[in-house]
Structure formats: structure tokens, C-alpha cells
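Listing of query_35.cif; format and content: mmCIF, C-alpha atoms and all ligand atoms.
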```
data_structure
loop_
_atom_site.label_atom_id
_atom_site.label_comp_id
_atom_site.auth_asym_id
_atom_site.auth_seq_id
_atom_site.Cartn_x
_atom_site.Cartn_y
_atom_site.Cartn_z
CA MET H 1 111.99 1.23 100.01
CA LYS H 2 110.15 4.00 98.22
CA MET H 3 107.48 6.28 99.65
CA THR H 4 105.60 8.29 97.03
CA PHE H 5 103.34 11.22 97.85
CA LEU H 6 100.36 11.11 95.48
CA GLY H 7 98.67 14.32 96.62
CA HIS H 8 96.51 15.42 99.58
CA SER H 9 97.13 12.73 102.27
CA THR H 10 97.71 9.83 99.90
CA VAL H 11 100.99 7.96 100.26
CA HIS H 12 102.07 4.85 98.38
CA VAL H 13 104.85 2.70 99.82
CA ASP H 14 106.79 0.07 97.90
CA THR H 15 109.08 -1.97 100.15
CA GLY H 16 110.42 -3.99 97.24
CA ASN H 17 108.41 -7.06 98.23
CA HIS H 18 105.13 -5.46 99.24
CA LYS H 19 103.09 -2.42 98.35
CA PHE H 20 100.52 -0.52 100.36
CA ILE H 21 98.71 2.78 100.21
CA ILE H 22 97.53 5.10 102.98
CA ASP H 23 94.37 7.23 102.60
CA PRO H 24 93.78 6.86 98.86
CA PHE H 25 92.03 9.90 97.43
CA LEU H 26 92.83 10.20 93.74
CA THR H 27 89.49 10.31 91.92
CA GLY H 28 88.20 13.88 92.23
CA ASN H 29 91.48 15.11 93.70
CA PRO H 30 92.64 17.93 91.41
CA LEU H 31 96.30 17.40 92.43
CA ALA H 32 96.37 13.60 92.26
CA ALA H 33 99.57 12.25 90.74
CA ALA H 34 98.10 8.86 89.83
CA SER H 35 94.88 7.26 88.75
CA ALA H 36 93.17 4.88 91.19
CA GLU H 37 92.86 2.30 88.40
CA ASP H 38 96.66 2.10 88.15
CA ILE H 39 97.39 1.55 91.85
CA LYS H 40 98.85 -1.86 92.71
CA VAL H 41 98.82 -2.71 96.41
CA ASP H 42 98.28 -5.57 98.87
CA TYR H 43 96.93 -3.36 101.67
CA VAL H 44 94.96 -0.13 102.03
CA LEU H 45 95.51 1.61 105.36
CA LEU H 46 92.99 4.26 106.44
CA THR H 47 93.35 6.92 109.14
CA HIS H 48 89.64 7.83 109.24
CA GLY H 49 86.42 7.75 107.27
CA HIS H 50 86.28 11.13 105.54
CA SER H 51 85.83 11.00 101.78
CA ASP H 52 89.16 12.76 101.10
CA HIS H 53 90.88 9.77 102.79
CA ILE H 54 88.80 6.75 101.79
CA GLY H 55 87.62 8.00 98.38
CA ASP H 56 89.32 5.26 96.35
CA ALA H 57 89.67 2.61 99.07
CA GLU H 58 86.83 0.46 97.72
CA LEU H 59 87.95 0.64 94.08
CA ILE H 60 91.60 -0.09 94.87
CA ALA H 61 90.82 -2.89 97.33
CA ARG H 62 88.40 -4.56 94.90
CA ARG H 63 90.70 -4.36 91.86
CA ASN H 64 93.70 -5.67 93.79
CA GLY H 65 92.01 -8.08 96.18
CA ALA H 66 93.72 -5.94 98.83
CA THR H 67 92.90 -5.88 102.54
CA ILE H 68 91.58 -2.66 104.06
CA ILE H 69 92.88 -1.90 107.55
CA GLY H 70 91.36 0.76 109.76
CA ILE H 71 89.65 1.42 113.07
CA VAL H 72 87.03 -1.29 113.64
CA GLU H 73 83.88 0.73 112.81
CA LEU H 74 85.48 1.98 109.60
CA ALA H 75 86.68 -1.53 108.71
CA ASN H 76 83.17 -2.89 109.37
CA TYR H 77 81.78 -0.43 106.84
CA PHE H 78 84.05 -1.90 104.15
CA THR H 79 83.23 -5.44 105.30
CA SER H 80 79.58 -4.56 104.58
CA LEU H 81 80.66 -3.78 101.00
CA GLY H 82 82.07 -7.29 100.68
CA LEU H 83 85.74 -6.38 101.03
CA LYS H 84 88.52 -8.03 103.04
CA THR H 85 89.24 -5.97 106.14
CA ILE H 86 91.09 -5.94 109.42
CA GLY H 87 89.48 -3.81 112.12
CA MET H 88 91.82 -2.46 114.78
CA ASN H 89 91.69 0.13 117.50
CA LEU H 90 93.82 2.88 119.03
CA GLY H 91 97.06 1.75 120.62
CA GLY H 92 96.98 -1.67 119.01
CA SER H 93 99.62 -3.01 116.67
CA LEU H 94 99.63 -5.72 114.08
CA LYS H 95 102.40 -7.62 112.30
CA LEU H 96 101.92 -7.73 108.56
CA PRO H 97 104.14 -9.25 105.85
CA PHE H 98 105.78 -5.85 105.20
CA GLY H 99 106.21 -4.73 108.82
CA THR H 100 104.26 -3.69 111.89
CA ILE H 101 101.53 -1.07 112.03
CA LYS H 102 100.06 0.69 115.03
CA PHE H 103 97.07 2.99 115.26
CA THR H 104 97.67 6.14 117.31
CA PRO H 105 95.22 8.75 118.57
CA ALA H 106 94.32 11.74 116.44
CA LEU H 107 92.08 14.65 117.34
CA HIS H 108 89.52 14.91 114.53
CA THR H 109 86.24 13.21 113.48
CA SER H 110 85.46 10.22 111.25
CA SER H 111 82.28 9.90 109.22
CA ILE H 112 80.75 9.53 105.81
CA THR H 113 77.50 10.96 104.53
CA LYS H 114 74.92 8.43 103.32
CA ASP H 115 71.65 9.76 101.93
CA GLY H 116 72.37 13.13 103.50
CA VAL H 117 72.91 11.68 106.97
CA ASN H 118 76.22 11.43 108.81
CA LEU H 119 77.31 7.88 109.50
CA TYR H 120 79.98 7.91 112.20
CA LEU H 121 82.79 5.43 111.71
CA GLY H 122 84.65 5.25 114.99
CA ALA H 123 87.64 7.23 116.17
CA PRO H 124 90.04 9.00 113.82
CA ALA H 125 93.64 7.80 113.99
CA GLY H 126 97.22 8.24 112.96
CA ILE H 127 99.21 5.26 111.70
CA LEU H 128 102.75 4.25 112.62
CA VAL H 129 104.43 1.83 110.23
CA GLN H 130 107.68 0.03 111.12
CA LEU H 131 109.33 -1.34 108.01
CA ASN H 132 112.48 -3.38 108.36
CA GLY H 133 114.47 -0.73 110.20
CA HIS H 134 112.56 2.27 108.85
CA SER H 135 109.56 3.98 110.35
CA LEU H 136 106.82 6.13 108.99
CA TYR H 137 104.14 8.07 110.84
CA HIS H 138 101.03 9.33 109.07
CA ALA H 139 99.32 11.77 111.42
CA GLY H 140 95.92 11.61 109.71
CA ASP H 141 93.87 14.79 109.97
CA THR H 142 94.71 15.66 113.52
CA ALA H 143 94.54 18.92 115.41
CA LEU H 144 97.51 19.77 117.58
CA PHE H 145 97.42 17.87 120.86
CA SER H 146 100.15 17.38 123.40
CA ASP H 147 100.23 13.57 123.20
CA LEU H 148 101.91 13.95 119.82
CA LYS H 149 104.93 14.40 122.07
CA LEU H 150 104.27 10.97 123.57
CA ILE H 151 104.09 9.41 120.10
CA GLY H 152 107.46 10.97 119.21
CA ASP H 153 109.08 10.00 122.50
CA ARG H 154 107.76 6.45 122.38
CA HIS H 155 108.70 5.74 118.75
CA PRO H 156 111.76 6.82 116.78
CA ILE H 157 110.28 8.08 113.53
CA ASP H 158 112.18 8.46 110.26
CA VAL H 159 109.46 10.20 108.26
CA ALA H 160 106.43 12.00 109.67
CA LEU H 161 103.59 13.05 107.38
CA ILE H 162 101.86 16.01 109.00
CA PRO H 163 98.81 17.99 107.83
CA ILE H 164 99.41 21.72 107.41
CA GLY H 165 96.31 22.81 105.49
CA ASP H 166 94.47 24.46 108.38
CA PHE H 167 90.64 24.75 108.41
CA PHE H 168 90.05 20.95 108.75
CA THR H 169 93.36 20.10 110.49
CA MET H 170 96.39 21.78 112.00
CA GLY H 171 97.66 24.82 110.15
CA PRO H 172 101.37 25.49 109.56
CA ASP H 173 102.05 27.07 112.97
CA ASP H 174 100.52 24.22 114.93
CA ALA H 175 102.11 21.73 112.53
CA LEU H 176 105.53 23.24 113.23
CA LEU H 177 105.06 22.63 116.94
CA ALA H 178 103.77 19.12 116.19
CA ALA H 179 106.86 18.40 114.08
CA GLN H 180 109.09 19.54 116.95
CA TRP H 181 107.24 17.30 119.38
CA ILE H 182 107.26 14.28 117.05
CA HIS H 183 110.93 15.00 116.21
CA ALA H 184 111.00 12.76 113.16
CA LYS H 185 114.25 12.73 111.17
CA HIS H 186 112.26 14.02 108.19
CA THR H 187 108.90 15.78 108.06
CA VAL H 188 106.67 15.90 105.00
CA PRO H 189 103.71 18.31 104.92
CA ILE H 190 100.43 16.86 103.62
CA HIS H 191 96.74 17.84 103.36
CA TYR H 192 97.23 21.24 101.72
CA ASN H 193 96.56 23.02 98.41
CA THR H 194 94.01 20.43 97.29
CA PHE H 195 91.08 22.81 97.78
CA PRO H 196 90.87 26.60 98.32
CA PRO H 197 90.25 26.47 102.12
CA ILE H 198 93.52 24.58 102.69
CA GLU H 199 95.91 26.58 100.50
CA GLN H 200 99.34 26.77 102.16
CA ASN H 201 102.97 27.20 101.17
CA GLY H 202 104.80 23.90 101.65
CA GLU H 203 108.25 25.36 100.96
CA GLU H 204 107.70 28.05 103.57
CA PHE H 205 106.73 25.37 106.09
CA VAL H 206 109.89 23.41 105.26
CA ASN H 207 111.99 26.57 105.74
CA LYS H 208 110.46 27.01 109.18
CA LEU H 209 111.26 23.39 109.99
CA GLN H 210 114.87 24.03 108.99
CA GLN H 211 115.03 27.14 111.19
CA ALA H 212 113.87 24.89 114.03
CA GLY H 213 116.66 22.40 113.23
CA LEU H 214 114.44 19.84 111.50
CA LYS H 215 114.64 18.37 108.02
CA GLY H 216 111.60 18.69 105.81
CA HIS H 217 110.56 17.92 102.26
CA ALA H 218 107.67 19.63 100.50
CA LEU H 219 107.09 16.74 98.11
CA LYS H 220 105.10 17.60 95.02
CA PRO H 221 102.43 15.06 94.13
CA GLY H 222 104.26 12.23 92.39
CA GLU H 223 107.59 12.81 94.17
CA SER H 224 109.18 10.10 96.29
CA LEU H 225 111.56 9.64 99.19
CA ASP H 226 113.75 6.56 99.32
CA LEU H 227 113.62 5.58 102.99
CA THR H 228 116.87 3.62 102.71
CA GLU H 229 118.71 6.80 101.67
CA LEU H 230 117.51 9.06 104.48
NI NI C 301 89.20 14.32 107.82
MN MN C 302 90.94 15.31 105.35
#
```

Starting from the file, lay out its structure as C-alpha cells.
Amino acid sequence: MKMTFLGHSTVHVDTGNHKFIIDPFLTGNPLAAASAEDIKVDYVLLTHGHSDHIGDAELIARRNGATIIGIVELANYFTSLGLKTIGMNLGGSLKLPFGTIKFTPALHTSSITKDGVNLYLGAPAGILVQLNGHSLYHAGDTALFSDLKLIGDRHPIDVALIPIGDFFTMGPDDALLAAQWIHAKHTVPIHYNTFPPIEQNGEEFVNKLQQAGLKGHALKPGESLDLTEL
């Protein structure tokens, strides 16, 4: 059961029998560790509608005949493009062939720009994925908020993917508190170093996690964690 960080907030998971990707942004991502054309998946999960999270959703879904899953307004947008979608909402879960997913609150926004005008695409979210005894939490682009504690208390999490870039999301200090509240067995920083405003030191963040008694991995784009070995 391999989880590969592909850069920014993009994560590819291969369970052995199924493959899915979260927040594909490879085209135009200077740190991308893969090309969107090469991605093979059955599902595309999206935390929110910003271009650095949905950038390659259409291309990947179309090439693979994959289903896009997101908050209902975001899913409806991809339905309008002729793609297969499942529209969900916060707090709801869904059984899929590879496991169960649940959309959790995130404090952020969710929109795309069409012809210079913002088109709002529902609430932003985080995504919890339960995979045959292993669990993954992708926090999306959230700010720090105290219900992250609720998410951690409610769900045992093996790997939490937490933004540390600052400017658009939590920065490292808030992310450290978030990691303590979520208390995942392993924390992986995401959403940093892709662009100048979000330059951060992932190793330094991981050192701070360790000082707080938590395990962290500053995965370089292209590096993987085997969830069965954690
Ligand atoms: Ni965003
Ligand atoms: Mn973002």
C-alpha cells in the first residue's frame, strides 16, 4: 500500500488493487515528480476547487475514465465538463472499492476563475481515507482551527498530510499545533516550496515534530511511504 508524494498537495495512492490521486497539480507545477499524462488511477479526490489542486483533474479523469469525487458544487462543475463524478458534502462518508472516504471541514475558500470572474465551488474540505486497516488524512489547504482536534480524536490517523507553506494556508508554527491536535502516527508536510510565497523548510518542520514527540517525513516529490510498513 504505497503513498507517493508528487509535489505540492498531490498524493498518489496504490493499494495494490486500486489507485487514486488526491489534488492533482502536475502541469505547471515546477516541483512535480510526474507528468499528468502518465498517471493511472480509478478515482480523483479533490479537497477544493483552486487551480493548484484541480489543475490536472480533468485531464487525468478523462484519460483514465476515472471518477472525480469532491464537494457537490465542485463535482457539479466537472459533471458539466462531461466527466463522471460523485458529489459529497462535509461530514459524509462513502464506501468505495478501495476503502471509505469522508470529507471533513477545512477553513479556506474554493473557487476557480472563469473569464476573469470568480466561480465559487462550495466549501473547502479535508479528506479522510480508511484503507483496509490504514488511514490517511489530507488536510487540504486549511488554516488552523480547533476542530482539527475533533478530527484527530474521532479518527485514528496513520498518516496526516498537512500544509505548512503559510500565506495561503497554515504556516509551520500553526501546522505544528495542528499536527499535535491531529496526533497522526506520521505527519507529512505538503503545500510548500512550489512557489516563492510558500517557501519553507520541510526538514526543520519535521525536527520540530520530533521535538514534540511526533514522527514526520519531509518527503521529496517522488518519494513514497509504504503504509503497511509504518
Ligand atoms: Ni487553495
Ligand atoms: Mn493551494

query: Pick the closest to H:Asn201 from H:Leu128, H:Lys220, H:Asp147, H:Tyr120: which is it, counting all atoms listed in the file?
result: H:Lys220

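You can rank H:Thr4, H:Gln130, H:Thr169, H:Gln210 by their closest distance to H:Thr187 using only C-alpha atoms, and at the top of that list sits H:Gln210.
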
If I wrap all listed atoms of stretch 76-82 of chain H in a box with edges along x, y and z and add 3 Å on each side, what are its centre and edge lengths in Å to one decimal, as JSON?
```
{"center_x": 81.8, "center_y": -3.9, "center_z": 105.0, "size_x": 10.5, "size_y": 12.9, "size_z": 14.7}
```

task: Kindly give the distance, in Å, that separates atom CA of H:Leu121 and atom CA of H:Ala75, rounded to a single decimal.
output: 8.5 Å

message: Please list as JSON, numbers by chain every residue within 9 Å of H:Ile157, counting all atoms listed in the file and excluding residues in the same chain fewer than 6 positions away.
response: {"H": [128, 130, 134, 135, 136, 137, 182, 183, 184, 185, 186]}

Neighbours of point (95.9, 3.7, 112.8) within 12 Å, using all atoms listed in the file, written as an MDAnalysis selection string: chainID H and resid 22:23 44:49 68:72 74:75 86:94 100:106 122:129 136:141

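With distances taken over all atoms listed in the file, H:Leu131 is the one residue among H:Leu131, H:Leu176, H:Val41, H:Ala66 lying closest to H:Thr15.
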
message: So, with all atoms listed in the file as the atoms that count, which of H:Ile39, H:Ile162, H:Ser111, H:Gly171 lies closest to H:Gly216?
response: H:Ile162

query: Hey, can you pull every residue with an atom no more than 8 Å from (103.7, 15.4, 117.3), using all atoms listed in the file, and send it as a VMD selection string?
result: chain H and resid 144 to 152 177 to 183

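Relative to atom CA of H:Arg62, atom CA of H:Ala160 is found at 28.6 Å.
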
Residues contacting ligand MN 302 (chain C) - anything with an atom at most 7 Å away, using all atoms listed in the file - can you give me those as a short mmCIF file (atom, residue, chain, number, x, y, z; two decimals) with C-alpha atoms, keeping the file's coordinate frame?
```cif
data_model
loop_
_atom_site.label_atom_id
_atom_site.label_comp_id
_atom_site.auth_asym_id
_atom_site.auth_seq_id
_atom_site.Cartn_x
_atom_site.Cartn_y
_atom_site.Cartn_z
CA HIS H 50 86.28 11.13 105.54
CA ASP H 52 89.16 12.76 101.10
CA HIS H 53 90.88 9.77 102.79
CA ASP H 141 93.87 14.79 109.97
CA PHE H 168 90.05 20.95 108.75
CA HIS H 191 96.74 17.84 103.36
#
```

- line: Pairwise distance, atom CA of H:Glu223 with atom CA of H:His12, equals 10.6 Å
